[in-house]
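Reproduced below: final.cif, with mmCIF, C-alpha atoms.
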```cif
data_start
#
loop_
_atom_site.label_atom_id
_atom_site.label_comp_id
_atom_site.auth_asym_id
_atom_site.auth_seq_id
_atom_site.Cartn_x
_atom_site.Cartn_y
_atom_site.Cartn_z
CA SER A 1 40.56 125.55 -60.05
CA GLU A 2 42.96 123.19 -58.25
CA ALA A 3 44.45 126.08 -56.25
CA ASP A 4 40.97 127.04 -55.00
CA LEU A 5 40.19 123.54 -53.66
CA PRO A 6 41.85 123.98 -50.22
CA LEU A 7 40.06 127.31 -49.82
CA TRP A 8 36.75 125.67 -50.70
CA ALA A 9 37.33 122.98 -48.07
CA GLU A 10 38.25 125.60 -45.47
CA ARG A 11 35.03 127.52 -46.14
CA ALA A 12 32.95 124.33 -45.90
CA LEU A 13 34.42 123.44 -42.50
CA ALA A 14 34.07 126.99 -41.25
CA ALA A 15 30.37 126.93 -42.23
CA LEU A 16 29.69 123.62 -40.44
CA ASP A 17 27.15 124.02 -37.63
CA GLY A 18 25.98 121.21 -35.35
CA ASP A 19 26.84 117.49 -35.38
CA ALA A 20 26.36 114.71 -37.94
CA ASN A 21 26.90 110.96 -37.89
CA ALA A 22 26.63 108.45 -40.74
CA GLN A 23 27.40 104.76 -41.06
CA ILE A 24 27.61 102.22 -43.88
CA GLN A 25 27.36 98.58 -42.82
CA ASP A 26 27.60 95.31 -44.72
CA SER A 27 27.22 96.86 -48.19
CA LEU A 28 28.48 95.91 -51.63
CA VAL A 29 29.74 98.14 -54.44
CA ALA A 30 30.55 96.29 -57.68
CA GLY A 31 30.76 93.15 -55.55
CA VAL A 32 33.31 94.69 -53.14
CA PRO A 33 32.34 94.62 -49.42
CA VAL A 34 32.11 98.17 -48.05
CA SER A 35 31.64 99.56 -44.55
CA GLY A 36 32.44 102.90 -42.99
CA SER A 37 31.53 105.75 -40.71
CA LEU A 38 31.60 109.54 -40.72
CA ARG A 39 31.32 111.90 -37.75
CA LEU A 40 31.26 115.69 -37.92
CA GLN A 41 31.18 117.90 -34.83
CA ARG A 42 31.19 121.63 -34.22
CA SER A 43 32.07 123.39 -30.96
CA PRO A 44 33.25 126.87 -29.91
CA GLN A 45 36.81 125.49 -30.15
CA GLY A 46 36.38 124.51 -33.82
CA SER A 47 35.19 121.71 -36.12
CA THR A 48 36.30 118.07 -36.22
CA VAL A 49 35.83 115.30 -38.74
CA ASP A 50 36.48 111.57 -38.30
CA ALA A 51 35.95 109.15 -41.20
CA GLN A 52 36.73 105.47 -41.69
CA VAL A 53 36.21 103.28 -44.76
CA ASP A 54 36.85 99.55 -45.18
CA LEU A 55 36.89 98.13 -48.72
CA ALA A 56 37.33 94.35 -48.66
CA GLY A 57 39.79 94.66 -45.77
CA ASN A 58 41.64 97.67 -47.20
CA ARG A 59 41.24 100.49 -44.68
CA LEU A 60 41.28 104.27 -44.99
CA THR A 61 40.96 106.65 -42.03
CA ALA A 62 40.89 110.44 -41.93
CA GLN A 63 40.82 112.80 -38.96
CA GLY A 64 40.81 116.56 -38.99
CA ARG A 65 40.37 119.51 -36.67
CA ARG A 66 39.82 123.11 -37.70
CA GLY A 67 40.54 125.25 -34.66
CA ALA A 68 39.54 128.77 -33.85
CA LEU A 69 43.17 129.70 -34.63
CA ALA A 70 44.98 128.56 -37.77
CA ALA A 71 47.88 127.15 -35.72
CA ALA A 72 45.49 124.68 -34.06
CA ASP A 73 44.44 122.98 -37.31
CA GLN A 74 45.46 119.31 -37.53
CA TRP A 75 44.80 116.78 -40.32
CA ARG A 76 45.77 113.14 -40.78
CA LEU A 77 45.10 110.60 -43.52
CA GLN A 78 46.13 106.94 -43.14
CA TRP A 79 45.56 103.94 -45.38
CA GLN A 80 46.47 100.27 -45.33
CA ALA A 81 45.63 98.51 -48.58
CA SER A 82 47.27 95.12 -48.23
CA ASP A 83 45.46 93.47 -51.16
CA LEU A 84 44.78 95.83 -54.06
CA ALA A 85 43.56 92.94 -56.21
CA THR A 86 40.31 92.93 -54.21
CA LEU A 87 39.61 96.48 -55.45
CA ALA A 88 39.89 95.62 -59.15
CA PRO A 89 36.07 95.58 -59.61
CA LEU A 90 35.96 99.22 -58.48
CA GLY A 91 38.50 100.05 -61.17
CA ARG A 92 36.33 98.47 -63.82
CA LEU A 93 33.31 100.36 -62.52
CA ALA A 94 35.19 103.68 -62.55
CA GLY A 95 36.50 102.88 -66.03
CA GLU A 96 32.95 102.93 -67.39
CA SER A 97 32.82 106.69 -66.70
CA TRP A 98 36.55 107.45 -67.05
CA PRO A 99 38.05 104.93 -69.51
CA ALA A 100 41.57 106.34 -69.16
CA LEU A 101 41.51 105.49 -65.43
CA ALA A 102 41.18 101.76 -66.07
CA ALA A 103 44.71 101.51 -67.50
CA TYR A 104 46.23 102.87 -64.28
CA TRP A 105 44.01 101.20 -61.68
CA PRO A 106 46.18 98.67 -59.78
CA ASP A 107 45.12 95.02 -60.01
CA ALA A 108 47.80 93.61 -57.68
CA GLY A 109 50.08 94.68 -54.84
CA ALA A 110 49.90 96.57 -51.57
CA LEU A 111 49.91 100.27 -50.71
CA SER A 112 50.12 101.93 -47.30
CA GLY A 113 50.92 105.35 -45.98
CA GLU A 114 50.23 108.30 -43.75
CA ILE A 115 49.98 112.01 -44.50
CA SER A 116 49.62 114.71 -41.86
CA ALA A 117 49.28 118.47 -42.03
CA SER A 118 49.10 121.25 -39.49
CA GLY A 119 48.30 124.92 -39.84
CA ARG A 120 46.03 126.42 -42.46
CA TRP A 121 46.37 126.70 -46.23
CA PRO A 122 48.54 128.03 -47.73
CA ALA A 123 50.81 128.09 -44.66
CA TRP A 124 50.62 124.34 -44.18
CA ARG A 125 53.30 122.16 -42.61
CA THR A 126 53.08 118.64 -44.00
CA GLN A 127 54.84 115.32 -43.74
CA GLY A 128 54.16 111.96 -45.27
CA ASP A 129 55.35 108.43 -45.77
CA VAL A 130 54.10 106.07 -48.50
CA GLN A 131 55.13 102.45 -49.21
CA ALA A 132 54.23 100.25 -52.17
CA GLN A 133 54.94 96.57 -52.78
CA GLY A 134 54.38 94.36 -55.81
CA MET A 135 52.06 96.77 -57.60
CA ARG A 136 50.79 96.08 -61.10
CA ALA A 137 48.42 98.02 -63.36
CA GLY A 138 48.08 96.71 -66.89
CA THR A 139 51.56 96.83 -68.46
CA LEU A 140 52.92 98.90 -65.56
CA GLY A 141 54.76 97.23 -62.69
CA LEU A 142 56.58 98.21 -59.49
CA GLN A 143 58.46 95.85 -57.20
CA SER A 144 58.81 98.24 -54.26
CA ALA A 145 58.87 101.96 -53.49
CA GLN A 146 59.05 104.29 -50.51
CA LEU A 147 58.37 108.02 -50.52
CA GLY A 148 58.84 110.35 -47.57
CA TRP A 149 58.68 114.12 -47.29
CA SER A 150 58.26 117.10 -45.00
CA THR A 151 57.44 120.70 -45.88
CA GLY A 152 57.26 123.95 -43.96
CA GLU A 153 54.82 126.84 -43.82
CA ASN A 154 56.70 129.15 -46.19
CA ALA A 155 59.40 129.25 -48.87
CA ASP A 156 62.23 129.50 -46.33
CA ALA A 157 61.12 126.62 -44.08
CA PRO A 158 63.03 123.32 -44.18
CA LEU A 159 62.04 121.04 -47.07
CA SER A 160 62.99 117.41 -47.66
CA MET A 161 61.88 114.58 -49.94
CA GLN A 162 63.27 111.11 -50.49
CA LEU A 163 62.10 108.55 -53.05
CA ARG A 164 63.42 105.01 -53.45
CA ALA A 165 61.96 102.59 -55.98
CA SER A 166 63.00 99.32 -57.58
CA GLY A 167 61.74 97.01 -60.29
CA LEU A 168 59.88 99.56 -62.41
CA ALA A 169 58.42 98.33 -65.69
CA ASP A 170 56.29 99.59 -68.56
CA GLY A 171 55.86 96.70 -70.95
CA ASP A 172 59.34 95.71 -72.13
CA ARG A 173 60.96 98.84 -70.72
CA ARG A 174 62.66 98.43 -67.35
CA LEU A 175 64.32 100.42 -64.60
CA ASP A 176 66.19 98.43 -61.97
CA ALA A 177 66.22 101.28 -59.47
CA LEU A 178 65.32 104.93 -59.07
CA SER A 179 66.28 107.26 -56.25
CA ALA A 180 65.59 110.98 -55.88
CA GLY A 181 66.10 113.48 -53.09
CA ILE A 182 65.48 117.14 -52.30
CA THR A 183 66.93 118.97 -49.30
CA GLY A 184 66.99 122.62 -48.28
CA SER A 185 63.99 124.92 -48.63
CA LEU A 186 61.54 125.76 -51.38
CA ARG A 187 63.45 128.96 -52.04
CA GLN A 188 66.86 127.24 -52.28
CA HIS A 189 67.34 123.46 -52.46
CA THR A 190 69.58 120.68 -53.72
CA LEU A 191 68.32 117.92 -56.00
CA ASP A 192 69.81 114.48 -56.56
CA LEU A 193 68.52 111.86 -59.02
CA ARG A 194 69.89 108.43 -59.93
CA LEU A 195 68.53 105.91 -62.44
CA ASP A 196 69.78 102.35 -62.94
CA SER A 197 68.66 100.57 -66.08
CA PRO A 198 69.49 97.19 -67.62
CA ALA A 199 69.63 98.92 -71.01
CA LYS A 200 73.04 99.10 -72.66
CA PRO A 201 74.48 101.05 -75.59
CA PRO A 202 74.76 99.14 -78.90
CA ALA A 203 77.60 96.61 -79.01
CA TRP A 204 79.46 98.59 -81.67
CA THR A 205 79.99 101.45 -79.18
CA GLU A 206 82.26 99.37 -76.93
CA ASN A 207 85.32 100.50 -78.91
CA LEU A 208 84.41 104.08 -77.99
CA LEU A 209 82.83 103.73 -74.54
CA GLY A 210 84.35 100.54 -73.20
CA ALA A 211 82.53 97.47 -71.87
CA ALA A 212 78.80 97.97 -71.34
CA GLY A 213 78.83 96.22 -67.96
CA THR A 214 75.52 95.11 -66.42
CA GLY A 215 73.56 98.16 -67.53
CA THR A 216 73.50 101.94 -67.53
CA ARG A 217 73.47 104.46 -64.68
CA LEU A 218 72.39 108.10 -65.01
CA GLN A 219 73.05 110.59 -62.21
CA VAL A 220 71.80 114.18 -62.04
CA LYS A 221 72.59 116.78 -59.39
CA GLY A 222 71.64 120.43 -59.29
CA GLN A 223 70.54 123.46 -57.33
CA GLY A 224 66.88 124.45 -57.45
CA GLN A 225 65.55 127.90 -56.69
CA TRP A 226 62.02 129.21 -56.31
CA LEU A 227 61.77 132.81 -57.48
CA ALA A 228 58.71 134.57 -56.09
CA SER A 229 56.94 137.09 -58.28
CA ASN A 230 56.83 139.41 -55.28
CA PRO A 231 59.98 138.66 -53.22
CA GLY A 232 58.95 141.15 -50.54
CA SER A 233 55.85 139.17 -49.66
CA ARG A 234 56.73 136.64 -46.96
CA THR A 235 53.86 137.06 -44.59
CA SER A 236 51.49 134.32 -43.48
CA GLY A 237 48.08 133.70 -45.00
CA ALA A 238 47.33 134.07 -48.69
CA SER A 239 50.74 135.58 -49.45
CA ALA A 240 52.81 132.93 -47.60
CA ARG A 241 53.58 131.24 -50.93
CA PRO A 242 53.37 133.92 -53.61
CA PRO A 243 53.26 132.88 -57.26
CA GLY A 244 56.59 132.61 -59.00
CA SER A 245 58.82 130.39 -61.12
CA TRP A 246 61.28 127.56 -60.55
CA ARG A 247 64.89 127.60 -61.78
CA LEU A 248 67.41 124.75 -61.98
CA GLN A 249 71.09 125.66 -62.11
CA ALA A 250 74.59 124.27 -61.43
CA LEU A 251 73.31 121.10 -63.07
CA GLN A 252 75.67 118.11 -63.23
CA LEU A 253 74.91 115.17 -65.51
CA GLN A 254 76.80 111.89 -65.56
CA GLY A 255 76.04 108.67 -67.42
CA GLY A 256 77.99 105.47 -67.65
CA ALA A 257 78.21 101.70 -67.54
CA ARG A 258 77.23 99.96 -64.31
CA ASP A 259 79.45 97.14 -63.07
CA LYS A 260 78.66 94.05 -61.00
CA GLN A 261 80.01 95.64 -57.82
CA GLY A 262 77.45 98.46 -58.00
CA GLY A 263 79.89 101.10 -59.22
CA SER A 264 79.87 102.85 -62.58
CA ARG A 265 82.34 103.92 -65.23
CA PRO A 266 81.25 107.26 -66.74
CA TRP A 267 81.20 107.78 -70.48
CA LEU A 268 79.10 110.97 -70.37
CA ALA A 269 79.69 114.01 -68.16
CA ALA A 270 78.44 117.59 -68.21
CA GLU A 271 78.31 120.35 -65.63
CA GLY A 272 77.37 124.00 -65.27
CA LEU A 273 74.03 123.46 -67.05
CA SER A 274 70.85 125.36 -66.20
CA ALA A 275 67.16 125.17 -67.05
#
```

Written as structure tokens, that's how I'd like the structure from this file.
Amino acid sequence: SEADLPLWAERALAALDGDANAQIQDSLVAGVPVSGSLRLQRSPQGSTVDAQVDLAGNRLTAQGRRGALAAADQWRLQWQASDLATLAPLGRLAGESWPALAAYWPDAGALSGEISASGRWPAWRTQGDVQAQGMRAGTLGLQSAQLGWSTGENADAPLSMQLRASGLADGDRRLDALSAGITGSLRQHTLDLRLDSPAKPPAWTENLLGAAGTGTRLQVKGQGQWLASNPGSRTSGASARPPGSWRLQALQLQGGARDKQGGSRPWLAAEGLSA
């Protein structure tokens, strides 16, 4: 299962014995130039992995260290894909085995980012930053987006996430801007979501709602809470993040017309909701 994947990777690294090196030079896959290297090493202090892949100038690097102690584990993944159009042949190749993938494989734009993690699953501490520019995949489009986050090793550790995106499209449907944020901890956090759309209510509603302005804005705020199935279990290791359920409460919803100055005039408001 998906939850077992990190444990499988941990066991594989723990079982690694000896060193290994591999290189790919001046190769082609579906007409895309490919090169890369992989180095695995094992010592009394732990195991390390270092991998690099270059696909038509789009680079991916990964480094990891599994120490003798869980606190010494360090992982980092970086990528710089400045021309996703050059990878389109790989999307067509993958689509022969997984047809649904072809509709979402980007054929234009740029994508870069970095993800790092320390500690050992499930008590990981992670942080990441991802940027996208001018992406297109079939009828889907994205002008720009940035995602950043940091998580702690347990449900009470600091948690934050920020997403900013603009120019989202799915065929004729459009979103001018989207922003979302989470702050607090997994156990208790605040959520904030805002959507700006060029869509407007029908003209006949202006007598009820007022002028439609330049579009519609929807804002949502609320308090999220993670309820562990076994609240008394807060130890490290397998029980650091016990199974449970998520609850959204103190929900505030506001919708209204957006004006040229960037403000909004609400015509829908609700509060005290829960889910």

Exercise. The PyMOL selection byres ((chain A and resi 254) around 7) on the file shown: which residues, as a PyMOL selection string?
Worked result: chain A and resi 218-220+252-253+255-256+266+268-270

For this session: Name the residues captured by the PyMOL selection byres ((chain A and resi 184-195) around 7) when it is applied to the shown file; answer as an MDAnalysis selection string.
Result: chainID A and resid 155:160 177:183 196:197 217:227

If the PyMOL selection byres ((chain A and resi 23-34) around 6) is run on the structure shown, which residues does it catch, given as a short mmCIF file (atom, residue, chain, number, x, y, z; two decimals) with C-alpha atoms, keeping the file's coordinate frame?
```
data_model
loop_
_atom_site.label_atom_id
_atom_site.label_comp_id
_atom_site.auth_asym_id
_atom_site.auth_seq_id
_atom_site.Cartn_x
_atom_site.Cartn_y
_atom_site.Cartn_z
CA ALA A 22 26.63 108.45 -40.74
CA SER A 35 31.64 99.56 -44.55
CA GLY A 36 32.44 102.90 -42.99
CA SER A 37 31.53 105.75 -40.71
CA ASP A 54 36.85 99.55 -45.18
CA LEU A 55 36.89 98.13 -48.72
CA ALA A 56 37.33 94.35 -48.66
CA PRO A 89 36.07 95.58 -59.61
#
```

Problem set entry | Interatomic distance (Å, one decimal) between CA of Trp149 in chain A and CA of Leu60 in chain A | 20.1 Å

For this session: Grab the CA of Arg174 in chain A to CA of Pro198 in chain A distance for me, in Å with one decimal place.
Result: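 These two atoms are separated by 6.9 Å.
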
For this session: Kindly indicate which residue among A:Met135, A:Asn154, A:Ser82, A:Trp124 lies nearest to Trp105 in chain A, using only C-alpha atoms for the distances.
Result: A:Met135

Each side padded by 3 Å, which centre and which edge lengths in Å (one decimal) define the axis-aligned box around the listed atoms of range 90-98 of chain A? Give them as JSON.
```
{"center_x": 35.7, "center_y": 103.0, "center_z": -62.9, "size_x": 11.7, "size_y": 15.0, "size_z": 14.9}
```

Exercise. Excluding same-chain residues fewer than 3 positions from Arg173 in chain A, what lies within 10 Å of it counting all atoms listed in the file, as a list in words?
Worked result: Thr139, Leu140, Leu168, Ala169, Asp170, Ser197, Pro198 and Ala199 of chain A

Those same residues, written as a CSV table (one decimal), in the frame of the given file with C-alpha atoms?
```csv
chain,number,residue,atom,x,y,z
A,139,THR,CA,51.6,96.8,-68.5
A,140,LEU,CA,52.9,98.9,-65.6
A,168,LEU,CA,59.9,99.6,-62.4
A,169,ALA,CA,58.4,98.3,-65.7
A,170,ASP,CA,56.3,99.6,-68.6
A,197,SER,CA,68.7,100.6,-66.1
A,198,PRO,CA,69.5,97.2,-67.6
A,199,ALA,CA,69.6,98.9,-71.0
```

Exercise. Which residue out of A:Leu163, A:Ala275, A:Ile115, A:Leu142 has the minimum interatomic distance to Asp129 in chain A when only C-alpha atoms are used?
Worked result: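 Using only C-alpha atoms, the shortest distance to Asp129 in chain A belongs to A:Ile115.
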
For this session: Find the residues near Ser166 in chain A: any atom within 6 Å, counting only C-alpha atoms, skip ones fewer than 3 places away on the same chain, and give them as a PyMOL selection string.
Result: chain A and resi 143-144+176-177

For this session: Mind giving me the straight-line distance from CA of Gly91 in chain A to CA of Glu114 in chain A in Å, one decimal?
Result: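 Spanning CA of Gly91 in chain A to CA of Glu114 in chain A is a straight-line distance of 22.6 Å.
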
For N, CA, C and O atoms, please extract range 54-83 of chain A from the block and return it as a PDB file, in the first residue's frame.
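So the final result, stored in part-v7.pdb, reads:
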```
ATOM      1  N   ASP A  54      19.846  13.833 -16.404  1.00  0.00           N
ATOM      2  CA  ASP A  54      19.665  14.967 -17.314  1.00  0.00           C
ATOM      3  C   ASP A  54      18.853  14.490 -18.498  1.00  0.00           C
ATOM      4  O   ASP A  54      19.246  13.560 -19.210  1.00  0.00           O
ATOM      5  N   LEU A  55      17.692  15.122 -18.718  1.00  0.00           N
ATOM      6  CA  LEU A  55      16.796  14.787 -19.823  1.00  0.00           C
ATOM      7  C   LEU A  55      16.665  16.015 -20.707  1.00  0.00           C
ATOM      8  O   LEU A  55      15.924  16.951 -20.375  1.00  0.00           O
ATOM      9  N   ALA A  56      17.421  16.042 -21.787  1.00  0.00           N
ATOM     10  CA  ALA A  56      17.373  17.167 -22.729  1.00  0.00           C
ATOM     11  C   ALA A  56      17.593  18.505 -22.023  1.00  0.00           C
ATOM     12  O   ALA A  56      16.915  19.496 -22.321  1.00  0.00           O
ATOM     13  N   GLY A  57      18.512  18.537 -21.064  1.00  0.00           N
ATOM     14  CA  GLY A  57      18.808  19.770 -20.343  1.00  0.00           C
ATOM     15  C   GLY A  57      17.969  20.000 -19.104  1.00  0.00           C
ATOM     16  O   GLY A  57      18.229  20.941 -18.342  1.00  0.00           O
ATOM     17  N   ASN A  58      16.976  19.183 -18.860  1.00  0.00           N
ATOM     18  CA  ASN A  58      16.177  19.256 -17.634  1.00  0.00           C
ATOM     19  C   ASN A  58      16.806  18.313 -16.611  1.00  0.00           C
ATOM     20  O   ASN A  58      16.936  17.113 -16.860  1.00  0.00           O
ATOM     21  N   ARG A  59      17.211  18.867 -15.457  1.00  0.00           N
ATOM     22  CA  ARG A  59      18.035  18.123 -14.519  1.00  0.00           C
ATOM     23  C   ARG A  59      17.278  17.752 -13.242  1.00  0.00           C
ATOM     24  O   ARG A  59      16.471  18.541 -12.724  1.00  0.00           O
ATOM     25  N   LEU A  60      17.578  16.554 -12.752  1.00  0.00           N
ATOM     26  CA  LEU A  60      17.032  16.057 -11.497  1.00  0.00           C
ATOM     27  C   LEU A  60      18.177  15.472 -10.681  1.00  0.00           C
ATOM     28  O   LEU A  60      18.967  14.668 -11.192  1.00  0.00           O
ATOM     29  N   THR A  61      18.301  15.886  -9.424  1.00  0.00           N
ATOM     30  CA  THR A  61      19.324  15.345  -8.541  1.00  0.00           C
ATOM     31  C   THR A  61      18.682  14.891  -7.235  1.00  0.00           C
ATOM     32  O   THR A  61      17.716  15.498  -6.762  1.00  0.00           O
ATOM     33  N   ALA A  62      19.230  13.830  -6.676  1.00  0.00           N
ATOM     34  CA  ALA A  62      18.724  13.295  -5.408  1.00  0.00           C
ATOM     35  C   ALA A  62      19.902  12.831  -4.570  1.00  0.00           C
ATOM     36  O   ALA A  62      20.798  12.141  -5.068  1.00  0.00           O
ATOM     37  N   GLN A  63      19.920  13.257  -3.319  1.00  0.00           N
ATOM     38  CA  GLN A  63      20.925  12.796  -2.361  1.00  0.00           C
ATOM     39  C   GLN A  63      20.229  12.324  -1.097  1.00  0.00           C
ATOM     40  O   GLN A  63      19.212  12.896  -0.691  1.00  0.00           O
ATOM     41  N   GLY A  64      20.776  11.279  -0.513  1.00  0.00           N
ATOM     42  CA  GLY A  64      20.189  10.778   0.722  1.00  0.00           C
ATOM     43  C   GLY A  64      21.228  10.109   1.596  1.00  0.00           C
ATOM     44  O   GLY A  64      22.238   9.589   1.109  1.00  0.00           O
ATOM     45  N   ARG A  65      20.988  10.158   2.885  1.00  0.00           N
ATOM     46  CA  ARG A  65      21.861   9.488   3.850  1.00  0.00           C
ATOM     47  C   ARG A  65      20.999   8.858   4.927  1.00  0.00           C
ATOM     48  O   ARG A  65      20.177   9.537   5.550  1.00  0.00           O
ATOM     49  N   ARG A  66      21.175   7.557   5.118  1.00  0.00           N
ATOM     50  CA  ARG A  66      20.505   6.852   6.201  1.00  0.00           C
ATOM     51  C   ARG A  66      21.555   6.541   7.259  1.00  0.00           C
ATOM     52  O   ARG A  66      22.431   5.705   7.059  1.00  0.00           O
ATOM     53  N   GLY A  67      21.469   7.259   8.388  1.00  0.00           N
ATOM     54  CA  GLY A  67      22.476   7.115   9.426  1.00  0.00           C
ATOM     55  C   GLY A  67      22.189   5.950  10.353  1.00  0.00           C
ATOM     56  O   GLY A  67      21.132   5.300  10.292  1.00  0.00           O
ATOM     57  N   ALA A  68      23.143   5.707  11.227  1.00  0.00           N
ATOM     58  CA  ALA A  68      22.942   4.664  12.223  1.00  0.00           C
ATOM     59  C   ALA A  68      21.808   5.039  13.170  1.00  0.00           C
ATOM     60  O   ALA A  68      21.096   4.180  13.691  1.00  0.00           O
ATOM     61  N   LEU A  69      21.626   6.348  13.392  1.00  0.00           N
ATOM     62  CA  LEU A  69      20.525   6.859  14.209  1.00  0.00           C
ATOM     63  C   LEU A  69      19.519   7.569  13.312  1.00  0.00           C
ATOM     64  O   LEU A  69      19.885   8.210  12.320  1.00  0.00           O
ATOM     65  N   ALA A  70      18.239   7.460  13.659  1.00  0.00           N
ATOM     66  CA  ALA A  70      17.186   8.056  12.828  1.00  0.00           C
ATOM     67  C   ALA A  70      17.373   9.560  12.672  1.00  0.00           C
ATOM     68  O   ALA A  70      17.090  10.119  11.610  1.00  0.00           O
ATOM     69  N   ALA A  71      17.872  10.233  13.713  1.00  0.00           N
ATOM     70  CA  ALA A  71      18.023  11.684  13.659  1.00  0.00           C
ATOM     71  C   ALA A  71      19.059  12.120  12.634  1.00  0.00           C
ATOM     72  O   ALA A  71      19.078  13.278  12.217  1.00  0.00           O
ATOM     73  N   ALA A  72      19.927  11.204  12.200  1.00  0.00           N
ATOM     74  CA  ALA A  72      20.981  11.547  11.251  1.00  0.00           C
ATOM     75  C   ALA A  72      20.534  11.422   9.799  1.00  0.00           C
ATOM     76  O   ALA A  72      21.267  11.797   8.889  1.00  0.00           O
ATOM     77  N   ASP A  73      19.363  10.904   9.546  1.00  0.00           N
ATOM     78  CA  ASP A  73      18.889  10.723   8.172  1.00  0.00           C
ATOM     79  C   ASP A  73      18.653  12.073   7.500  1.00  0.00           C
ATOM     80  O   ASP A  73      18.026  12.969   8.080  1.00  0.00           O
ATOM     81  N   GLN A  74      19.121  12.206   6.261  1.00  0.00           N
ATOM     82  CA  GLN A  74      18.956  13.429   5.490  1.00  0.00           C
ATOM     83  C   GLN A  74      18.656  13.067   4.045  1.00  0.00           C
ATOM     84  O   GLN A  74      19.321  12.213   3.454  1.00  0.00           O
ATOM     85  N   TRP A  75      17.651  13.752   3.442  1.00  0.00           N
ATOM     86  CA  TRP A  75      17.255  13.487   2.065  1.00  0.00           C
ATOM     87  C   TRP A  75      16.988  14.803   1.355  1.00  0.00           C
ATOM     88  O   TRP A  75      16.454  15.742   1.942  1.00  0.00           O
ATOM     89  N   ARG A  76      17.370  14.858   0.074  1.00  0.00           N
ATOM     90  CA  ARG A  76      17.122  16.078  -0.702  1.00  0.00           C
ATOM     91  C   ARG A  76      16.869  15.713  -2.165  1.00  0.00           C
ATOM     92  O   ARG A  76      17.594  14.910  -2.757  1.00  0.00           O
ATOM     93  N   LEU A  77      15.836  16.322  -2.719  1.00  0.00           N
ATOM     94  CA  LEU A  77      15.481  16.145  -4.120  1.00  0.00           C
ATOM     95  C   LEU A  77      15.365  17.521  -4.762  1.00  0.00           C
ATOM     96  O   LEU A  77      14.644  18.385  -4.257  1.00  0.00           O
ATOM     97  N   GLN A  78      16.094  17.735  -5.854  1.00  0.00           N
ATOM     98  CA  GLN A  78      16.066  19.016  -6.564  1.00  0.00           C
ATOM     99  C   GLN A  78      15.826  18.757  -8.052  1.00  0.00           C
ATOM    100  O   GLN A  78      16.326  17.766  -8.602  1.00  0.00           O
ATOM    101  N   TRP A  79      15.085  19.658  -8.686  1.00  0.00           N
ATOM    102  CA  TRP A  79      14.909  19.545 -10.127  1.00  0.00           C
ATOM    103  C   TRP A  79      14.803  20.925 -10.755  1.00  0.00           C
ATOM    104  O   TRP A  79      14.332  21.873 -10.122  1.00  0.00           O
ATOM    105  N   GLN A  80      15.300  21.011 -11.977  1.00  0.00           N
ATOM    106  CA  GLN A  80      15.258  22.246 -12.754  1.00  0.00           C
ATOM    107  C   GLN A  80      14.888  21.873 -14.170  1.00  0.00           C
ATOM    108  O   GLN A  80      15.733  21.473 -14.978  1.00  0.00           O
ATOM    109  N   ALA A  81      13.591  21.952 -14.474  1.00  0.00           N
ATOM    110  CA  ALA A  81      13.082  21.621 -15.799  1.00  0.00           C
ATOM    111  C   ALA A  81      12.659  22.922 -16.463  1.00  0.00           C
ATOM    112  O   ALA A  81      11.531  23.387 -16.294  1.00  0.00           O
ATOM    113  N   SER A  82      13.583  23.513 -17.197  1.00  0.00           N
ATOM    114  CA  SER A  82      13.333  24.832 -17.775  1.00  0.00           C
ATOM    115  C   SER A  82      12.618  24.776 -19.118  1.00  0.00           C
ATOM    116  O   SER A  82      12.159  25.813 -19.615  1.00  0.00           O
ATOM    117  N   ASP A  83      12.513  23.582 -19.714  1.00  0.00           N
ATOM    118  CA  ASP A  83      11.839  23.456 -21.008  1.00  0.00           C
ATOM    119  C   ASP A  83      11.105  22.120 -21.046  1.00  0.00           C
ATOM    120  O   ASP A  83      11.616  21.125 -21.566  1.00  0.00           O
TER     121      ASP A  83
END
```
